[in-house]
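All remarks here apply to the structure that follows.
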Amino acid sequence: MLIEAGKESIKAGKESRMLKIFKKFTKKEVLFIVIALSFIVLQVGLDLKLPDYMADITKLLEEKSGGHVSDIMEKGLYMLLCALGSMLASCFVGFLAAQVAAGLAKRLRSEVYEKTMTFTMEEINAFSTDSLITRTTNDVTQIQTLIAMGLQVVIKAPILATWAIIKISNKNWRWSFATGVTVFIMMFYLTVMIALVLPKFRKLQILTDNLNKVTRENLSGIRVVRAYNAEMYQEDKFDIANQNVMKTNLFTGRSMASVFPMMSLLISSLPLAIYWIGMYLIKDAKDIGTKFQLFSDMVVFSSYALQVIMAFMMLIVVFFIFPRANISANRINEVLETSSKIFDGQITTNNQEEKGTIEFKNVGFMYPDASDYAIENISFKAKKGETIAFIGATGSGKSTLINLIPRFFDVTSGEILIDGENIKKYSKDVLRKKIGYVPQKAVLFKGSIFSNVMFGDNIDNLAEGEIKQLANDALEISQAKEFVDKMKKGIDSSIAQGGNNVSGGQKQRISIARAIARKPEILLFDDSFSALDYKTDKILRKQLKEQKSSTTSLIVAQRIGTIKDADKIVVLDAGKMVGYGTHKELLNNCKVYYEIAISQLSEDEIKKDM
Amino acid sequence: MEEFNFGDSMKKLIRYCRKYYFPIVVAFMLSIFGTTFNIIGPDRLKEVTNKIAEGIVTNAMDVDGILKIVTILTILYVLGFLFNTSQGIIMATCTQKITNKMRKDISYKINKIPLKYFDQTTVGDTLSRVTNDVDTIGQSLNQSIGTLVSGITMFFGSLFMMTKTNWIMTLSGVVATIIGFIVMILITKKSQKYFGQQQEELGHLNGLIEETYTGHNVIVAYNDAHKEITKFNEINENLYSSAWKSQFLSGLMMPLMTFIGNLGYVAVCVTGAILVEKDMTEIGTIVAFMMYIRLFTQPLAQMAQAITSLQATAAASGRVFKFLREDELEDESHKTDVVEDVKGHIEFNHVSFGYTDDKIIINDFNLEVKPGEKVAIVGPTGAGKSTLVNLLMRFYETNSGTIKIDGKNIKDLKREQVHSMFGMVLQDTWLFEGTIKDNIRYNLSHVSDEQIIKASKAVGLDKFVRALPNAYDTVLDDKTTLSAGQKQLITIARAYVLNAPMLILDEATSSVDTRTELIIQKAMDKLAEGRTCFVIAHRLSTIKNANTILVLKNGSIIEHGNHEQLLELGGFYADLYNSQFEIV
């Protein structure tokens with residue numbers, strides 16, 4: 001995964017993306033980073049001080065004059081203090097890094113979430129819900145990891161490498177050369193391996209997805225598979241996918257097998273080389289003093305040299321983390337840089353003289369990136385208290401039409417008027433306050449039945465007692481009262497995430513109650529009755545008509561029975577209005593409507609209505 | 001998390017790998033030898049150091065002696081590299097072969113388990129066994145086991161070499177390391193708490209995000225966004241407080257590991273120096289120990305990690321083997337009864353069935369269907385409509401009673417034979433990624449393209465397919481947008497080319513609008529011509545022309561007859577039918 005993502009961003013190669021994220025650091029966090037930086041320097045300094053003391057000890061020993069025990073103990077104490085200091089420093093860095101990383105992550109998450117909340121369907125569809133979820137969660141976590149790791153490892157590695165190199169560079173060029181060669185071999189080796197294996201990792205991701213797909217296919221279609229005796233067919237398909245995964249895995253696994261042994265070969269060989277070189281240096285040295293100096297240098301040098309190698313190995317880690325996080329940064333920026341194309345209007349009060357009217361004037365709508373109109377030339381008008389119904393085949397544009405009213409999308413041509421004003425002139429809040437929308441697929445939120453009915457601003461500007469009454473009335477009308485009362489805690493019964501603890505029909509009834517409790521001027525039912533059985537459907541509509549007679553209703557339906565008694569019926573076919581009138585009128589003059597009717601009713605019944 | 005027994009699961013896993021015992025043992029040996037070569041290194045290096053030190057004092061460097069050791073060491077290191085690499089290659093190969101087999105076994109098993117099992121589990125659960133669990137096992141086999149073997153070798157090897165060289169220095173080094181580890185374990189324990197908290201908060205947050213993003217249009221329509229944002233920020237704040245703590249604590253691990261290493265290093269240096277000072281050892285020993293102590297502490301952390309990952313492996317293999325040991329469908333290779341030239345005469349005799357023993361769904365059900373008849377089954381949800389046809393398909397076995405096809409008890413027939421007598425169209429339109437042609441042909445490789453086109457024409461799909469840019473070779477994937485009706489027509493065409501003697505239509509048109517349904521209805525009527533046919537429907541218009549309509553409630557027939565008879569009867573069916581048309 002890591003590597004696969006890495007590849008992608010190496011291609012993208014946009015580091016500015018990450019910079020944009022970095023710009024979001026607060027002053028306090030920048031201060032933290034600066035402090036962390038100085039502590040990293042301190043820590044590296046202390047780490048590199050250790051071998052210095054060791055050199056001192058070696059010298060003391062070489063002098064062979066005896067009586068150095070207290071001196072040695074003293075140096076040992078310093079070493080201990082260095083080690084302790086280094087640990088404390090890096091713990092403190094860890095603390096700062098965690099604060100900074102988690103803090104930024106918190107803000108990023110919040111920003112992405114708040115941004116997403118301002119989106120409408122257009123942006124949501126463009127990103128897809130799943131992708132937005134990942135962007136708010138995983139991608140932010142990636143950034144958090146990068147920053148936490150980055151502050152501790154990524155910054156430390158070059159500092160350590162540079163400092164250690166400086167420390168050893170003045171000792172002897174031959175030793176430095178040996179170290180340089182080792183580092184070169186290591187970097188070269190790792191680069192080759194990464195270049196070799198990375199594309200395979202990328203491929204592996206695709207192959208694994210394919211394997212999952214084939215398995216999912218078999219599982220989800222298990223009845224079909226058995227009914228067709230197609231077990232072998234599925235297994236053959238799986239075998240191919242499985243075999244491909246194995247082949248690629250074998251390649252990467254075998255290639256990677258040499259990486260760690262190679263690292264330990266290099267780490268073991270370097271001291272050997274240093275001692276080997278040291279032997280000749282010491283042998284050729286002129287006086288005994290230089291020899292001792294060289295000897296202790298040699299012992300200490302091998303310690304430093306290992307630090308250098310370690311630092312470069314740490315740098316390799318960056319190769320893996322950074323690209324992945326860069327992709328995440330990119331994905332987060334994409335969300336933050338997207339703005340909803342639906343703008344607020346000027347009207348911010350709900351005091352229009354005309355109430356409950358809605359009019360479509362030659363409305364046309366084209367989905368973004370589409371080349372054809374989804375709906376075209378739609379015109380109709382509903383007076384207060386009227387019911388307008390929409391019927392047509394799936395894909396004929398019924399839901400699209402409904403979605404234009406709360407401005408989930410804006411019309412491409414023509415205009416929609418509510419209470420005599422173009423809906424674009426209202427602020428979104430005011431417009432939506434006028435509307436009670438019931439989606440096709442009922443959506444409930446974690447909480448209680450009450451919190452789902454008195455949702456959003458339904459509850460605003462209401463007295464305590466009123467709220468309860470309103471919720472109960474709404475449930476009564478939506479035919480939910482019966483099952484809600486049967487529940488242990490009644491209206492306060494809890495609703496699980498996504499409403500998974502109530503049945504589909506119950507969900508829909510609660511969702512209808514939510515719209516009713518809003519006391520809107522206009523109710524929008526986007527095929528909301530299909531999940532109900534005929535009887536409930538009938539009673540619900542009867543109740544609505546009796547108790548909410550002054551509310552205008554727009555109903556999308558599939559069943560003729562649901563809409564027969566509407567004041568006006570709009571018949572849609574492939575986005576165009578092919579009929580407009582009452583049930584009776586349409587039976588006589590609209591072929592499409594007649595066909596729908598004939599598919600649901602018997603000829604006798606139709607004749608009766610004509 | 002499922003209950004699992006570490007030892008038991010591991011034992012099963014080890015048994016599962018038995019075909020690869022030999023290469024695995026070879027890999028282990030290679031690993032042990034390879035590691036040993038690396039352990040010998042510091043000891044030899046010690047000699048080099050001592051010889052050099054000696055050379056300084058005596059002013060006569062033993063160049064040949066030193067070169068000899070250096071050469072030997074180089075050879076050892078290179079051998080170590082080769083051994084360890086071979087070990088890695090062998091283990092990677094075995095791992096891949098084993099996980100490949102494991103995935104294959106699971107996949108085969110899926111098709112051998114009674115459907116009952118899948119009613120109780122989710123697709124995601126089984127899927128995660130094929131992918132996540134097998135991956136976990138694979139990673140563990142590939143890395144953890146190898147690490148453990150070399151880690152143990154290195155740990156004991158370096159301990160042995162250190163003790164052999166100088167036990168006082170060993171003691172000081174080991175004690176320092178142990179102290180370091182105790183501190184680390186304490187911190188790990190403490191951090192667990194915050195990790196748990198973080199996971200929990202993350203769960204809450206993900207829940208909220210998922211819910212509000214999916215229900216986004218409702219939130220927008222009800223001006224609820226600011227309330228959700230308040231909720232979000234509250235959880236986000238909680239998450240932050242546990243996130244930075246766990247981030248911090250996990251960030252402590254590295255400095256601590258370094259400290260442990262340094263502590264050992266200091267302890268060895270100081271003790272060594274004092275010993276050298278007192279002439280109890282030589283300077284080379286310190287050099288050797290400085291390396292040994294790193295060899296000693298390094299595997300400890302690796303082993304700790306390997307053990308954690310083994311724990312995960314045990315859990316994963318527990319889940320995999322539990323699945324592999326699920327009861328399979330009865331072996332039917334001994335059954336020899338066959339129905340030749342199927343007429344389509346079906347009899348249900350006193351059939352009872354329940355998915356669980358305490359909840360009977362079909363109760364003493366009797367029915368006779370004559371060849372070529374169209375039988376419709378209607379009734380409220382949960383009445384047992386689908387169950388009935390599932391029993392007929394032998395997806396489930398009856399608790400009591402018999403079902404006969406052309407006079408033969410279906411239990412005496414092989415399942416494949418029973419399946420092959422029926423074409424089946426289900427409510428869920430099951431299509432797979434592949435061309436339309438592939439989807440219609442499915443597993444019938446003998447079906448020609450002409451037959452596919454003929455079937456498509458018959459069910460009214462041909463015109464639509466030809467309008468697509470690649471016609472029958474159009475690949476169906478996420479990008480192709482087919483309507484529910486079009487998808488259903490493809491599955492009907494699939495049943496059409498199968499050309500089975502009998503037909504089952506289980507809510508085949510529930511997800512399409514009524515006009516499209518009419519088209520599909522025509523297609524299905526065409527398909528059903530002359531075949532015994534079972535139709536389950538909740539839209540009654542679909543079944544008006546059936547020979548027999550069964551009204552099912554609680555697993556028993558409460559009414560039966562044709563459309564007119566049932567309307568006349570004025571019972572449940574009439575009620576249901578009329579409720580479609582009444583005006584408020």
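Every chain in the structure tokens has a letter given in the order shown (A, B, ...), and although residue numbers restart at 1 in each chain, ligands are simply numbered from 1 in the order shown.
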Practice prompt. Please identify all polymer residues within 7 Å of Gly414 of chain A, counting only C-alpha atoms, omitting same-chain residues fewer than 3 positions from it, and present them as a ChimeraX atom specification.
Written response: /A:361-364,411
Practice prompt. Just list the residues in segment 355-424 of chain B DSSP gives strand (DSSP E) on the backbone, as a ChimeraX atom specification.
Written response: /B:362-369,374-378,400-405,408-409,422-424
Residues from last step as file, N, CA and C atoms, as a PDB file, in the first residue's frame:
ATOM      1  N   ILE B 362     -42.139 -23.187   7.106  1.00  0.00           N
ATOM      2  CA  ILE B 362     -43.072 -23.903   6.226  1.00  0.00           C
ATOM      3  C   ILE B 362     -43.664 -25.050   7.040  1.00  0.00           C
ATOM      4  N   ASN B 363     -44.979 -25.094   7.054  1.00  0.00           N
ATOM      5  CA  ASN B 363     -45.629 -26.038   7.959  1.00  0.00           C
ATOM      6  C   ASN B 363     -46.552 -26.978   7.188  1.00  0.00           C
ATOM      7  N   ASP B 364     -46.206 -28.240   7.139  1.00  0.00           N
ATOM      8  CA  ASP B 364     -47.043 -29.260   6.502  1.00  0.00           C
ATOM      9  C   ASP B 364     -47.620 -28.776   5.176  1.00  0.00           C
ATOM     10  N   PHE B 365     -46.726 -28.490   4.268  1.00  0.00           N
ATOM     11  CA  PHE B 365     -47.112 -27.886   2.998  1.00  0.00           C
ATOM     12  C   PHE B 365     -47.343 -28.944   1.928  1.00  0.00           C
ATOM     13  N   ASN B 366     -48.481 -28.852   1.251  1.00  0.00           N
ATOM     14  CA  ASN B 366     -48.799 -29.814   0.196  1.00  0.00           C
ATOM     15  C   ASN B 366     -49.161 -29.094  -1.084  1.00  0.00           C
ATOM     16  N   LEU B 367     -48.680 -29.628  -2.199  1.00  0.00           N
ATOM     17  CA  LEU B 367     -48.990 -28.987  -3.471  1.00  0.00           C
ATOM     18  C   LEU B 367     -48.666 -29.925  -4.617  1.00  0.00           C
ATOM     19  N   GLU B 368     -49.508 -29.878  -5.629  1.00  0.00           N
ATOM     20  CA  GLU B 368     -49.167 -30.624  -6.831  1.00  0.00           C
ATOM     21  C   GLU B 368     -49.196 -29.672  -8.018  1.00  0.00           C
ATOM     22  N   VAL B 369     -48.151 -29.699  -8.800  1.00  0.00           N
ATOM     23  CA  VAL B 369     -48.085 -28.836  -9.978  1.00  0.00           C
ATOM     24  C   VAL B 369     -47.953 -29.717 -11.204  1.00  0.00           C
ATOM     25  N   LYS B 374     -48.281 -22.585 -14.571  1.00  0.00           N
ATOM     26  CA  LYS B 374     -47.648 -21.419 -13.974  1.00  0.00           C
ATOM     27  C   LYS B 374     -48.241 -21.212 -12.579  1.00  0.00           C
ATOM     28  N   VAL B 375     -47.386 -21.336 -11.589  1.00  0.00           N
ATOM     29  CA  VAL B 375     -47.847 -21.204 -10.210  1.00  0.00           C
ATOM     30  C   VAL B 375     -47.309 -19.893  -9.643  1.00  0.00           C
ATOM     31  N   ALA B 376     -48.222 -19.076  -9.115  1.00  0.00           N
ATOM     32  CA  ALA B 376     -47.776 -17.821  -8.513  1.00  0.00           C
ATOM     33  C   ALA B 376     -47.894 -17.922  -7.009  1.00  0.00           C
ATOM     34  N   ILE B 377     -46.925 -17.351  -6.323  1.00  0.00           N
ATOM     35  CA  ILE B 377     -46.973 -17.374  -4.867  1.00  0.00           C
ATOM     36  C   ILE B 377     -46.991 -15.931  -4.378  1.00  0.00           C
ATOM     37  N   VAL B 378     -48.016 -15.568  -3.620  1.00  0.00           N
ATOM     38  CA  VAL B 378     -48.073 -14.223  -3.058  1.00  0.00           C
ATOM     39  C   VAL B 378     -48.263 -14.333  -1.544  1.00  0.00           C
ATOM     40  N   SER B 400     -38.968 -32.248   7.277  1.00  0.00           N
ATOM     41  CA  SER B 400     -39.721 -33.484   7.069  1.00  0.00           C
ATOM     42  C   SER B 400     -40.561 -33.325   5.809  1.00  0.00           C
ATOM     43  N   GLY B 401     -41.076 -34.416   5.326  1.00  0.00           N
ATOM     44  CA  GLY B 401     -41.852 -34.375   4.100  1.00  0.00           C
ATOM     45  C   GLY B 401     -40.963 -34.535   2.880  1.00  0.00           C
ATOM     46  N   THR B 402     -41.597 -34.717   1.724  1.00  0.00           N
ATOM     47  CA  THR B 402     -40.806 -34.937   0.512  1.00  0.00           C
ATOM     48  C   THR B 402     -41.237 -34.000  -0.600  1.00  0.00           C
ATOM     49  N   ILE B 403     -40.272 -33.723  -1.469  1.00  0.00           N
ATOM     50  CA  ILE B 403     -40.581 -32.984  -2.690  1.00  0.00           C
ATOM     51  C   ILE B 403     -40.206 -33.898  -3.839  1.00  0.00           C
ATOM     52  N   LYS B 404     -41.127 -34.081  -4.774  1.00  0.00           N
ATOM     53  CA  LYS B 404     -40.843 -34.982  -5.891  1.00  0.00           C
ATOM     54  C   LYS B 404     -40.912 -34.234  -7.209  1.00  0.00           C
ATOM     55  N   ILE B 405     -39.961 -34.534  -8.068  1.00  0.00           N
ATOM     56  CA  ILE B 405     -40.016 -34.018  -9.437  1.00  0.00           C
ATOM     57  C   ILE B 405     -40.162 -35.214 -10.366  1.00  0.00           C
ATOM     58  N   LYS B 408     -39.745 -38.510  -8.697  1.00  0.00           N
ATOM     59  CA  LYS B 408     -38.513 -38.868  -7.987  1.00  0.00           C
ATOM     60  C   LYS B 408     -38.308 -37.909  -6.827  1.00  0.00           C
ATOM     61  N   ASN B 409     -38.022 -38.440  -5.668  1.00  0.00           N
ATOM     62  CA  ASN B 409     -37.705 -37.603  -4.511  1.00  0.00           C
ATOM     63  C   ASN B 409     -36.408 -36.839  -4.796  1.00  0.00           C
ATOM     64  N   PHE B 422     -33.797 -26.389 -13.422  1.00  0.00           N
ATOM     65  CA  PHE B 422     -34.455 -25.081 -13.270  1.00  0.00           C
ATOM     66  C   PHE B 422     -33.626 -23.938 -13.835  1.00  0.00           C
ATOM     67  N   GLY B 423     -34.339 -23.016 -14.458  1.00  0.00           N
ATOM     68  CA  GLY B 423     -33.740 -21.708 -14.714  1.00  0.00           C
ATOM     69  C   GLY B 423     -34.243 -20.806 -13.614  1.00  0.00           C
ATOM     70  N   MET B 424     -33.380 -19.898 -13.138  1.00  0.00           N
ATOM     71  CA  MET B 424     -33.794 -19.111 -11.982  1.00  0.00           C
ATOM     72  C   MET B 424     -33.475 -17.637 -12.220  1.00  0.00           C
TER      73      MET B 424
END
Practice prompt. Name all residues at most 8 Å from Thr562 of chain A (count only C-alpha atoms; drop same-chain ones fewer than 5 positions away) and give them as a ChimeraX atom specification.
Written response: /A:529,537-538,557
Item to complete: Can you list, as a PyMOL selection string, all residues belonging to segment 217-441 of chain B that DSSP tags as alpha helix (DSSP H)?
Response: chain B and resi 217-221+225-277+283-324+385-392+415-420+436-441
Could those residues be written to a file, using C-alpha atoms, as a compact mmCIF listing (two decimals), in the first residue's frame?
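Saved the output as out_36.txt:
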# COMPACT_ATOMS: atom_id res chain seq x y z
CA ASN B 217 -29.19 15.80 1.36
CA VAL B 218 -31.44 15.49 4.40
CA ILE B 219 -29.02 17.50 6.51
CA VAL B 220 -28.93 20.18 3.88
CA ALA B 221 -32.68 20.20 3.40
CA ALA B 225 -25.35 21.28 9.11
CA HIS B 226 -24.27 23.54 11.96
CA LYS B 227 -25.64 21.10 14.55
CA GLU B 228 -23.73 18.23 13.00
CA ILE B 229 -20.60 20.35 12.91
CA THR B 230 -20.97 21.06 16.61
CA LYS B 231 -21.31 17.33 17.28
CA PHE B 232 -18.35 16.61 15.04
CA ASN B 233 -16.13 19.15 16.74
CA GLU B 234 -16.98 17.73 20.13
CA ILE B 235 -15.90 14.23 19.12
CA ASN B 236 -12.96 15.62 17.21
CA GLU B 237 -11.78 17.37 20.36
CA ASN B 238 -12.00 14.12 22.34
CA LEU B 239 -10.17 12.32 19.59
CA TYR B 240 -7.45 14.93 19.65
CA SER B 241 -6.85 14.49 23.35
CA SER B 242 -6.44 10.72 23.07
CA ALA B 243 -4.73 10.92 19.68
CA TRP B 244 -1.84 13.06 20.78
CA LYS B 245 -1.35 10.99 23.89
CA SER B 246 -1.17 7.73 22.02
CA GLN B 247 0.91 9.33 19.30
CA PHE B 248 3.26 10.58 21.98
CA LEU B 249 3.48 7.27 23.78
CA SER B 250 4.08 5.29 20.63
CA GLY B 251 6.67 7.89 19.67
CA LEU B 252 8.49 7.09 22.91
CA MET B 253 9.33 3.61 21.72
CA MET B 254 12.16 4.65 19.46
CA PRO B 255 13.98 6.94 21.89
CA LEU B 256 13.56 4.24 24.51
CA MET B 257 15.00 1.57 22.29
CA THR B 258 17.92 3.84 21.56
CA PHE B 259 18.33 4.50 25.24
CA ILE B 260 18.34 0.82 26.05
CA GLY B 261 21.01 0.34 23.42
CA ASN B 262 23.01 3.24 24.80
CA LEU B 263 22.59 2.10 28.36
CA GLY B 264 24.02 -1.28 27.48
CA TYR B 265 26.75 0.45 25.53
CA VAL B 266 27.73 2.66 28.46
CA ALA B 267 27.57 -0.20 30.93
CA VAL B 268 29.82 -2.31 28.74
CA CYS B 269 32.27 0.50 28.08
CA VAL B 270 32.65 1.46 31.70
CA THR B 271 32.83 -2.04 33.10
CA GLY B 272 35.14 -3.08 30.31
CA ALA B 273 37.40 -0.12 30.84
CA ILE B 274 37.67 -0.80 34.54
CA LEU B 275 38.46 -4.43 33.84
CA VAL B 276 41.11 -3.48 31.30
CA GLU B 277 42.48 -1.03 33.81
CA ILE B 283 40.77 -3.65 25.01
CA GLY B 284 39.56 -5.85 22.14
CA THR B 285 36.93 -7.25 24.46
CA ILE B 286 35.36 -3.82 24.81
CA VAL B 287 35.25 -3.47 21.06
CA ALA B 288 33.61 -6.85 20.75
CA PHE B 289 31.16 -6.11 23.52
CA MET B 290 30.13 -2.82 22.04
CA MET B 291 28.90 -4.81 19.07
CA TYR B 292 27.53 -7.74 21.04
CA ILE B 293 25.41 -5.54 23.21
CA ARG B 294 23.74 -4.15 20.08
CA LEU B 295 23.28 -7.66 18.69
CA PHE B 296 21.77 -8.57 22.05
CA THR B 297 19.28 -5.70 22.43
CA GLN B 298 18.26 -5.51 18.79
CA PRO B 299 16.47 -8.89 18.57
CA LEU B 300 14.60 -8.23 21.82
CA ALA B 301 12.52 -5.52 20.21
CA GLN B 302 12.10 -7.57 17.05
CA MET B 303 11.01 -10.59 19.03
CA ALA B 304 8.51 -8.54 20.99
CA GLN B 305 7.09 -7.41 17.69
CA ALA B 306 7.13 -10.91 16.23
CA ILE B 307 5.20 -12.24 19.21
CA THR B 308 2.53 -9.58 18.85
CA SER B 309 2.21 -10.43 15.21
CA LEU B 310 2.07 -14.15 15.99
CA GLN B 311 -0.86 -13.37 18.24
CA ALA B 312 -2.62 -11.74 15.33
CA THR B 313 -1.69 -14.72 13.18
CA ALA B 314 -3.19 -17.14 15.63
CA ALA B 315 -6.41 -15.16 15.62
CA ALA B 316 -6.41 -15.01 11.84
CA SER B 317 -5.68 -18.69 11.36
CA GLY B 318 -8.30 -19.47 13.98
CA ARG B 319 -10.83 -17.72 11.81
CA VAL B 320 -9.57 -19.32 8.61
CA PHE B 321 -9.59 -22.85 9.98
CA LYS B 322 -12.95 -22.38 11.60
CA PHE B 323 -14.29 -21.57 8.16
CA LEU B 324 -12.44 -24.46 6.53
CA LYS B 385 -42.45 -17.58 -0.38
CA SER B 386 -38.77 -17.66 -1.26
CA THR B 387 -38.19 -20.48 1.19
CA LEU B 388 -40.52 -22.66 -0.78
CA VAL B 389 -38.58 -22.33 -4.03
CA ASN B 390 -35.30 -22.60 -2.17
CA LEU B 391 -36.44 -25.97 -0.89
CA LEU B 392 -37.39 -26.97 -4.40
CA ARG B 415 -27.99 -31.51 -6.27
CA GLU B 416 -26.47 -30.65 -9.64
CA GLN B 417 -29.21 -32.55 -11.37
CA VAL B 418 -31.91 -30.70 -9.42
CA HIS B 419 -30.28 -27.35 -10.19
CA SER B 420 -29.97 -28.21 -13.84
CA ILE B 436 -22.64 -8.57 -21.76
CA LYS B 437 -21.98 -11.67 -23.81
CA ASP B 438 -20.05 -13.27 -20.95
CA ASN B 439 -22.81 -12.38 -18.55
CA ILE B 440 -25.46 -14.01 -20.66
CA ARG B 441 -23.39 -17.06 -21.50
Fill in: Which residue of B:Val63, B:Ser445, B:Gln451, B:Asp135 approaches Tyr233 of chain A most closely, using only C-alpha atoms
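Using only C-alpha atoms, Tyr233 of chain A sits closest to B:Ser445.
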Practice prompt. Check the smallest atom-to-atom distance from each of A:Thr118, A:Asn422, A:Asn125, A:Ser399 to chain B using only C-alpha atoms, then report the winner.
Written response: A:Thr118
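Shortest atom-to-atom contact with Gly138 of chain B among B:Leu159, B:Leu482, B:Ile185, B:Met91: B:Met91, counting only C-alpha atoms.
The shortest atom-to-atom distance to Ile516 of chain A, with only C-alpha atoms taken into account, belongs to A:Ala474 out of A:Leu336, A:Ala474, A:Leu80, A:Val140.
Between Leu250 of chain A and the candidates A:Leu204, A:Ile274, A:Val335, A:Met187, the tightest atom-to-atom separation, counting only C-alpha atoms, involves A:Leu204.
Once segment 130-134 of chain A and its same-chain neighbours fewer than 2 positions away are set aside, Thr116, Ile124, Phe127, Ser128, Thr136, Thr137, Asn138 and Asp139 of chain A; Asn206, Ile209, Glu210 and Tyr213 of chain B remain within 8 Å of it when counting only C-alpha atoms.
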Discussion item. Residues near Ser150 of chain B, anyone? I mean within 12 Å using only C-alpha atoms, not counting same-chain ones fewer than 4 positions away, as JSON, numbers by chain.
Written reply: {"A": [260, 261], "B": [27, 28, 29, 30, 31, 32, 33, 34, 35, 36, 37, 38, 39, 80, 83, 84, 87, 88, 143, 144, 145, 146, 154, 155, 156, 157, 158, 295, 296, 298, 299, 300, 302, 303, 306]}
Go ahead and write the residues just picked, C-alpha atoms, as a PDB file, in the first residue's frame.
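Wrote it out as part03.pdb, contents follow:
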ATOM      1  CA  PHE A 260      17.886  -6.898   5.373  1.00  0.00           C
ATOM      2  CA  PRO A 261      20.767  -9.358   4.962  1.00  0.00           C
TER       3      PRO A 261
ATOM      4  CA  ALA B  27      15.278 -22.115   5.917  1.00  0.00           C
ATOM      5  CA  PHE B  28      15.502 -22.245   9.687  1.00  0.00           C
ATOM      6  CA  MET B  29      18.906 -23.916   9.499  1.00  0.00           C
ATOM      7  CA  LEU B  30      20.115 -21.323   7.026  1.00  0.00           C
ATOM      8  CA  SER B  31      18.836 -18.596   9.284  1.00  0.00           C
ATOM      9  CA  ILE B  32      20.574 -20.079  12.324  1.00  0.00           C
ATOM     10  CA  PHE B  33      23.878 -20.494  10.473  1.00  0.00           C
ATOM     11  CA  GLY B  34      23.634 -17.094   8.855  1.00  0.00           C
ATOM     12  CA  THR B  35      23.020 -15.459  12.175  1.00  0.00           C
ATOM     13  CA  THR B  36      25.790 -17.442  13.822  1.00  0.00           C
ATOM     14  CA  PHE B  37      28.268 -16.105  11.271  1.00  0.00           C
ATOM     15  CA  ASN B  38      27.240 -12.614  12.211  1.00  0.00           C
ATOM     16  CA  ILE B  39      27.662 -13.427  15.887  1.00  0.00           C
ATOM     17  CA  GLY B  80      25.858 -14.889   6.295  1.00  0.00           C
ATOM     18  CA  PHE B  83      22.387 -17.786   3.924  1.00  0.00           C
ATOM     19  CA  ASN B  84      19.999 -15.153   5.188  1.00  0.00           C
ATOM     20  CA  GLN B  87      16.364 -18.184   3.928  1.00  0.00           C
ATOM     21  CA  GLY B  88      14.281 -15.178   2.926  1.00  0.00           C
ATOM     22  CA  GLN B 143       8.621 -12.141   8.482  1.00  0.00           C
ATOM     23  CA  SER B 144       7.755 -12.962  12.050  1.00  0.00           C
ATOM     24  CA  ILE B 145       8.815 -16.591  11.951  1.00  0.00           C
ATOM     25  CA  GLY B 146      12.086 -15.761  10.238  1.00  0.00           C
ATOM     26  CA  MET B 154      21.126 -13.909  17.869  1.00  0.00           C
ATOM     27  CA  PHE B 155      19.919 -13.378  21.412  1.00  0.00           C
ATOM     28  CA  PHE B 156      21.326 -16.614  22.789  1.00  0.00           C
ATOM     29  CA  GLY B 157      24.309 -16.587  20.491  1.00  0.00           C
ATOM     30  CA  SER B 158      25.438 -13.150  21.574  1.00  0.00           C
ATOM     31  CA  LEU B 295      23.283  -7.656  18.694  1.00  0.00           C
ATOM     32  CA  PHE B 296      21.768  -8.571  22.052  1.00  0.00           C
ATOM     33  CA  GLN B 298      18.258  -5.513  18.794  1.00  0.00           C
ATOM     34  CA  PRO B 299      16.466  -8.888  18.575  1.00  0.00           C
ATOM     35  CA  LEU B 300      14.604  -8.225  21.818  1.00  0.00           C
ATOM     36  CA  GLN B 302      12.102  -7.572  17.054  1.00  0.00           C
ATOM     37  CA  MET B 303      11.009 -10.588  19.033  1.00  0.00           C
ATOM     38  CA  ALA B 306       7.125 -10.906  16.230  1.00  0.00           C
TER      39      ALA B 306
END
Practice prompt. Record the distance separating atom CA of Thr99 of chain B and atom CA of Ile137 of chain B, expressed in Å with one decimal.
Written response: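 These atoms are spaced 7.6 Å apart.
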Fill in: Met314 of chain A surroundings by only C-alpha atoms, 12 Å radius, close-in-sequence under 2 positions cut, as a VMD selection string
chain A and resid 149 to 150 152 to 161 187 307 to 312 316 to 321
Worksheet item: What does the distance from atom CA of Phe525 of chain A to atom CA of Val453 of chain A come to in Å, to one decimal?
Response: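 Computing the Euclidean distance for atom CA of Phe525 of chain A and atom CA of Val453 of chain A yields 15.8 Å.
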